[in-house]
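Student: Have a look at this one before I ask anything.
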Amino acid sequence: MKGNAMVDLREHERKALSALKKLGGKASLEQIVNESGLSDSAVMRAAVTLRERKLLRIVEDKQTLATLNVEGRSYARKELPERRMIDALRKLSGEALLGRVVEKAGLEGQFVPIALGWIQRKKWATLDSKTKTLRISEKIAEGSDERLLKLLADKGHAVVEDLGSELQEAVQILKGRKLLNVEEKTRRIIEITDAGLTATKKGARVTAEVTQLTPELIISGKWRKVKLQKYNVAAQVANTWPGKKHPYLQFLDEVREKLVALGFKEMTGTAVETAFFNFDALYTPQGHPAREPSGVYYVKSPKYGSVNAYKQILENVKKTHENGWKTGSSGWRYKYSTKEASRLILRSHTTCLSARTLLSRDLEIPGMYFSIGPCYRPEVLDKTHLTEFNQVEGIVVDKDLTLRDLLGVLEKFAIDIAGADRAKFVPDYFPFTEPSVELRAYKTGFGWIEFGGSGIFRPEVTLPLGIDVPVLAWGLGIDRLFMLKAGIDDIRQLFTLDLDWLRRQEVT
Amino acid sequence: MPTIDIDYAEFEKLLGFELHRDMGKVNEVLEFVKGEVKLWDEKAGVMSVEIKDTSRPDVWNIEGLARTLRGFMGLETGLREYKVGKPIVEIHVDPRLENIRPYIGCSVIKDVRLSDPIIRGFMHMQDKLDQSYGRNRQRTSIGLYDFDLIKSPLTYGVAKPTEMSFVPLGFEEKMNLKQILQKHPKGIEYGHVVNKHPVYPILLDAERKVLSFPPVINSNDLGKITDQARNVLVEVTGTMNETVLNTVKIVTLSLIDRGGKAFAAKVHYPKEKAPVVTPNFEVGSMDLDVEYVNKVSGLRFTANQIAELLPKAGYRAEKVDGDRVRVYVPCYRVDVMHPVDLVEDVTIAYGYNNIKPLWRRLPTTGGMRPEQALLDVARELMVGLGFQEVLTYTLTNPENLFAKMNVKRGKVVELANPKVQTLTCLRNWLLPSLMEVLSNNLSVEYPQRIFELGKVTLLDDKKETMTRDEDWLAAVVSHANASFSEIKSDLDAFFMNLGLKWQIKEAKHPSFIEGRTGTAIVEGTNVGILGEINPQVLTRWKLENPAAAFELNMQKIAKTKHKPIA
């Protein structure tokens, strides 16, 4: 369309441009808003597109804005203290004792030294220091500071650059008296260009423009005649927060899948457990510190569950604790309480599920089992401790399993589950395993991680449950692994209530 | 797990080996005793070592630790011989102690050279043994005395609370036993061990001078050890004879390792004719089958190899024949109960990292629990419906479960010994957890759509544990226009995609607005609830936006589905 002098303008652009012209071709954003009746954002949008089309330009300049602060406003209401003092002195016929002047002026104590100071500085009066008498001077003019105070009180603010030199000095004085706030602001001035002027003179062709394409426009075919408004495609739009899985639960899902792929079967149980399965069946004596109220949560009511289904097993366990029974052990050598065995607690580990599995009619030999579930211990919550946490634990049951097999399982976990480069083994301790092994996994970028505790169930555990083959027991420190992967250094973050954090987690 | 404070300079001295304050090296060495440096105060020259092994009180002190490590490091292998001289002190035990604290064991160690760090070490050991092995002095408690101030025979007797007075350790005036329990910090701390009895234990010497009020406090005159003391009396009282004897043994050995010479004590119990002599340093013995070692370890050790490895762990071992090794167990190894304990020491001495791991894929079929497939599908669906999954504790408090939900207080599993003020019971429904999430995110952008699939615990007296756990699913939407129809539309989509037939019937529930509440019925079973949250509930959670929610029992839904989702 070369040579076509007509300019296509949208409605709001035309309005903005003619408002600018009316304002003398140069105005601030606010002025155009007032003149045109458009909204702030419409004027801004128009200004941006018109600038791109070189019909106007936007000049930024810095300006200093002065406003009264709280104290300044109170001074403006009552006048400056020195003015109040001099007015009172005048009423006392120009000469009076300081005390009387203060009284007459009704001046608050803290203002007396300020008023005196300024009166003398402005040479409005003299003070005879011996007689404490004030004597008024001949000429007392209204100071520029007072004028500025009035101006600011009336208008609310003043642009320092627009003030005369006297008032500019007054700004400095009142600023020094801490009555003003002075701040720099950037002001946008919009100026019409020659091209813009020409465009308004020639008359712009205004196109009917449409923001939203509607079904009505499509069906009626009107869409052919209207112009669809151009959008700023880089503009900020509303956020969308998709549905997502919890990152830690998703990690547990992956661990579960890997264990299943390795041939492990899932075991489940309840949060509330009898002390029998959580401790006794795992050869943890009834006086063990882990059974103190500082080591395990006890249920308030009901206090006791039932172990009636395990009469024979309970008898075996009791004897094993007391004297080793047929296990070849000396036992813990104390008097075992059957009542204590039925005490209800919140499980402090999921090893109780392994004990239940070993007793189950469905136990398969060879068998590999795992569980993932919450465990509870009376800990105060901090960066490294939770009172409720998830454990991944399990067992491998088969004849002829040895410590070498245990290390093999652990190494497999380190590589398949932790994605480690190599594993090493350190002596560990659990009341129910011997030998006991701690697994450490080395992963590039992470270093050595304590990745698990394990061992071979003691004969004092397996034989009373009627199991005469070796049982390898293991537990994995998956929380540490997840924290390293997610870059978290506070374990409490796993159970975070912070929705924004969850929304911003990357999907992996 | 006990954590013990170790003076580094003393540690190197006892070890007879320089580790040059290299924590990596110290930790490597400590692995032999399942220990790890947790804190290292360089200024004080003290390291805090955590010992995982709760059954080896003999390594919960600097002397025992060094003794065991010297073996594994090859500095001193085999059995360390300990001797005790003939009894030089006698104790008579009062029959009235039988149901209070019946057992006592003593020893005397002469010519000990004490210094401040050594005394600090002993005090620390006493503390650790009292706490962990002695179960906070319930089971055993230790007293150390300047033997030169004491005249044998001693009487371990009883006294009424106001009958006897003495100056307790750290105080200047006399107090009777009752006053000690009321005023002395140790009395306040440990009074509960004895105060249920009409009379309290008391230990006196031949001149009826008070040694101590076990297990509470020693006398300030006799029971204070300074670096001036040359001869020390060790005394342990308790409720379990074996623990008492083991404790006397362990404390005495530490003093011997510091250059002292031990002498025994004779304890006369009321019902026993023959006196009991303490401490007993008798060495135990056990025959270890080579085959058993190899069966457990998966290695091929010979009797000779086993006999060479065990001395590193402080045992004396002699090959009996090709199949058997006779093992002499040092008296302080109170943890050795079964030959398997020796096998572990063989493998630790051999080095876990010298054993080649063996991975054998057993012919098993892996599998998740049966409900898992449905639960996974349910979570996928919720995510597809635009809900963010959250994870909250199953522990909560009745205030959240009932009062804040406008529900009458019901029965749930409450803890007898809660540790965190806000976590005192197990939840019996999920919605309160979601409300808590909402109320923690008032300034986070709305709409908020969240869900959780998790465990709830319900009381059930037909079960062994008097409870059953179920998987439930709850979802909530909250924003300025959240409504019943929005949540119903989500629930409808959920059911439809699970291939279920469902209907919604009007219902009442105090957490929801009346007339905007429904139950979800699947195949005739009530599986859950949905509705707009009662503004009363919103207010109690300090929420400013309307919310609508549903909660479903996934266990019931799993049962109504005829065919499991494969």
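Letters for chains follow the order of the structure tokens (A, B, ...), residue numbers begin at 1 for each chain, and ligand numbers begin at 1 in the order shown.
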Could you please select, counting only C-alpha atoms, the residues of chain B within 6 Å of chain A and state them as a ChimeraX atom specification?
Tutor: /B:34,52-53,296-298,337-338,344,352-353,357-359,364-369,383,386-392,414-416,419,437,464-466,469
Student: Return as a VMD selection string the full set of residues in stretch 30-267 of chain B whose backbone-based DSSP assignment is helix (DSSP H, G or I).
Tutor: chain B and resid 30 to 33 57 to 59 62 to 72 95 to 97 116 to 133 147 to 149 177 to 183 185 to 193 241 to 257
Student: Env of stretch 133-141 of chain A: 10 Å cut, atoms = only C-alpha atoms, seq-sep filter 4 positions within chain, self excluded. Answer as a list in words.
Tutor: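 In the requested form, the answer reads Arg83, Ile86, Asp87, Leu89, Arg90, Ser93, Gly94, Glu95, Ala96, Leu97, Leu98, Gly99, Arg100, Val101, Leu116, Ile119, Gln120, Lys122, Lys123, Trp124, Ala125, Thr126, Leu127, Asp128 and Ser129 of chain A.
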Student: Could the residues in this selection be saved with C-alpha atoms as a compact mmCIF listing (two decimals), in the first residue's frame?
Tutor:
# COMPACT_ATOMS: atom_id res chain seq x y z
CA ARG A 83 6.75 31.86 63.88
CA ILE A 86 7.49 35.63 67.29
CA ASP A 87 3.71 36.10 66.96
CA LEU A 89 6.23 38.20 71.30
CA ARG A 90 4.56 40.68 69.01
CA SER A 93 4.42 44.37 72.63
CA GLY A 94 7.72 43.20 71.26
CA GLU A 95 9.64 42.66 74.48
CA ALA A 96 9.02 40.09 77.20
CA LEU A 97 10.57 37.45 79.38
CA LEU A 98 11.19 34.20 77.53
CA GLY A 99 8.95 32.29 79.89
CA ARG A 100 6.00 34.52 79.20
CA VAL A 101 6.52 34.31 75.48
CA LEU A 116 14.85 30.05 69.95
CA ILE A 119 14.50 33.05 65.77
CA GLN A 120 18.08 34.08 66.37
CA LYS A 122 16.65 34.34 61.17
CA LYS A 123 17.45 37.48 63.21
CA TRP A 124 13.79 37.93 64.12
CA ALA A 125 14.60 38.75 67.75
CA THR A 126 17.46 38.96 70.22
CA LEU A 127 17.75 37.21 73.55
CA ASP A 128 19.42 38.91 76.50
CA SER A 129 21.01 35.93 78.13
Student: What's the 8 Å shell around stretch 530-545 of chain B, counting only C-alpha atoms, without same-chain residues fewer than 3 positions away, as a list in words?
Tutor: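 What passes the distance filter is Lys404, Met405, Asn406, Met435, Glu436, Leu438, Ser439, Leu442, Ser478, His479, Ala480, Ala482, Ser483, Phe484, Ile487, Lys488, Pro510, Ser511, Phe512, Ile513, Arg516, Thr517, Gly518, Thr519, Ala520, Ala548, Ala549, Phe550 and Glu551 of chain B.
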Student: Hey, can you spit out that residue selection with N, CA and C atoms as a short mmCIF file (atom, residue, chain, number, x, y, z; two decimals), in the first residue's frame?
Tutor:
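Writing done, so here's out.cif:
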data_model
loop_
_atom_site.label_atom_id
_atom_site.label_comp_id
_atom_site.auth_asym_id
_atom_site.auth_seq_id
_atom_site.Cartn_x
_atom_site.Cartn_y
_atom_site.Cartn_z
N LYS B 404 -11.76 -28.42 64.65
CA LYS B 404 -11.62 -27.53 63.50
C LYS B 404 -12.49 -27.96 62.32
N MET B 405 -12.93 -29.23 62.34
CA MET B 405 -13.79 -29.71 61.25
C MET B 405 -15.27 -29.65 61.65
N ASN B 406 -15.55 -29.07 62.83
CA ASN B 406 -16.93 -28.92 63.28
C ASN B 406 -17.59 -30.29 63.53
N MET B 435 -7.07 -29.51 54.69
CA MET B 435 -7.44 -28.18 55.18
C MET B 435 -6.20 -27.50 55.77
N GLU B 436 -5.36 -28.29 56.44
CA GLU B 436 -4.14 -27.73 57.01
C GLU B 436 -3.24 -27.20 55.89
N LEU B 438 -4.24 -26.10 52.95
CA LEU B 438 -4.85 -24.85 52.46
C LEU B 438 -4.53 -23.70 53.40
N SER B 439 -4.66 -23.94 54.70
CA SER B 439 -4.51 -22.83 55.64
C SER B 439 -3.05 -22.40 55.74
N LEU B 442 -2.29 -19.40 52.29
CA LEU B 442 -3.25 -18.32 52.03
C LEU B 442 -2.74 -17.34 50.98
N SER B 478 -10.19 -24.91 46.13
CA SER B 478 -10.48 -23.67 46.85
C SER B 478 -10.13 -22.47 45.98
N HIS B 479 -11.10 -21.56 45.82
CA HIS B 479 -10.90 -20.29 45.14
C HIS B 479 -12.18 -19.50 45.31
N ALA B 480 -12.22 -18.29 44.76
CA ALA B 480 -13.35 -17.39 45.02
C ALA B 480 -14.68 -17.99 44.57
N ALA B 482 -15.27 -21.48 44.16
CA ALA B 482 -15.31 -22.93 44.35
C ALA B 482 -16.73 -23.33 44.76
N SER B 483 -17.20 -24.46 44.20
CA SER B 483 -18.60 -24.81 44.46
C SER B 483 -18.80 -26.31 44.44
N PHE B 484 -19.99 -26.71 44.88
CA PHE B 484 -20.37 -28.12 44.86
C PHE B 484 -20.27 -28.69 43.45
N ILE B 487 -16.68 -29.67 42.36
CA ILE B 487 -16.10 -30.89 42.93
C ILE B 487 -16.89 -32.11 42.46
N LYS B 488 -18.19 -31.93 42.26
CA LYS B 488 -18.99 -33.06 41.78
C LYS B 488 -18.56 -33.42 40.36
N PRO B 510 -21.48 -32.36 59.37
CA PRO B 510 -21.24 -31.04 59.96
C PRO B 510 -20.07 -30.27 59.34
N SER B 511 -19.17 -30.96 58.61
CA SER B 511 -18.05 -30.25 58.00
C SER B 511 -18.46 -29.54 56.71
N PHE B 512 -19.64 -29.94 56.20
CA PHE B 512 -20.07 -29.40 54.91
C PHE B 512 -21.35 -28.57 55.08
N ILE B 513 -21.66 -27.78 54.06
CA ILE B 513 -22.86 -26.94 54.11
C ILE B 513 -24.09 -27.82 53.89
N ARG B 516 -25.78 -28.91 50.52
CA ARG B 516 -24.74 -28.95 49.49
C ARG B 516 -23.75 -30.06 49.82
N THR B 517 -24.31 -31.16 50.38
CA THR B 517 -23.49 -32.29 50.81
C THR B 517 -24.09 -33.55 50.22
N GLY B 518 -23.24 -34.46 49.78
CA GLY B 518 -23.77 -35.70 49.25
C GLY B 518 -22.91 -36.89 49.63
N THR B 519 -23.51 -38.10 49.58
CA THR B 519 -22.69 -39.30 49.72
C THR B 519 -22.54 -39.91 48.34
N ALA B 520 -21.39 -40.54 48.13
CA ALA B 520 -21.14 -41.19 46.86
C ALA B 520 -21.43 -42.67 47.05
N ALA B 548 -14.51 -26.74 48.25
CA ALA B 548 -15.36 -27.91 48.09
C ALA B 548 -14.46 -29.12 48.03
N ALA B 549 -14.94 -30.25 48.56
CA ALA B 549 -14.04 -31.39 48.71
C ALA B 549 -14.78 -32.71 48.57
N PHE B 550 -14.01 -33.76 48.30
CA PHE B 550 -14.56 -35.11 48.48
C PHE B 550 -13.54 -35.99 49.18
N GLU B 551 -14.04 -37.02 49.82
CA GLU B 551 -13.16 -38.01 50.46
C GLU B 551 -13.74 -39.39 50.23
#
Student: For stretch 316-331 of chain B, work out the shell of residues within 7 Å, counting only C-alpha atoms and skipping chain neighbours fewer than 4 positions away, then give it as a ChimeraX atom specification.
Tutor: /B:78-79,281-291,303-304,307,310-311
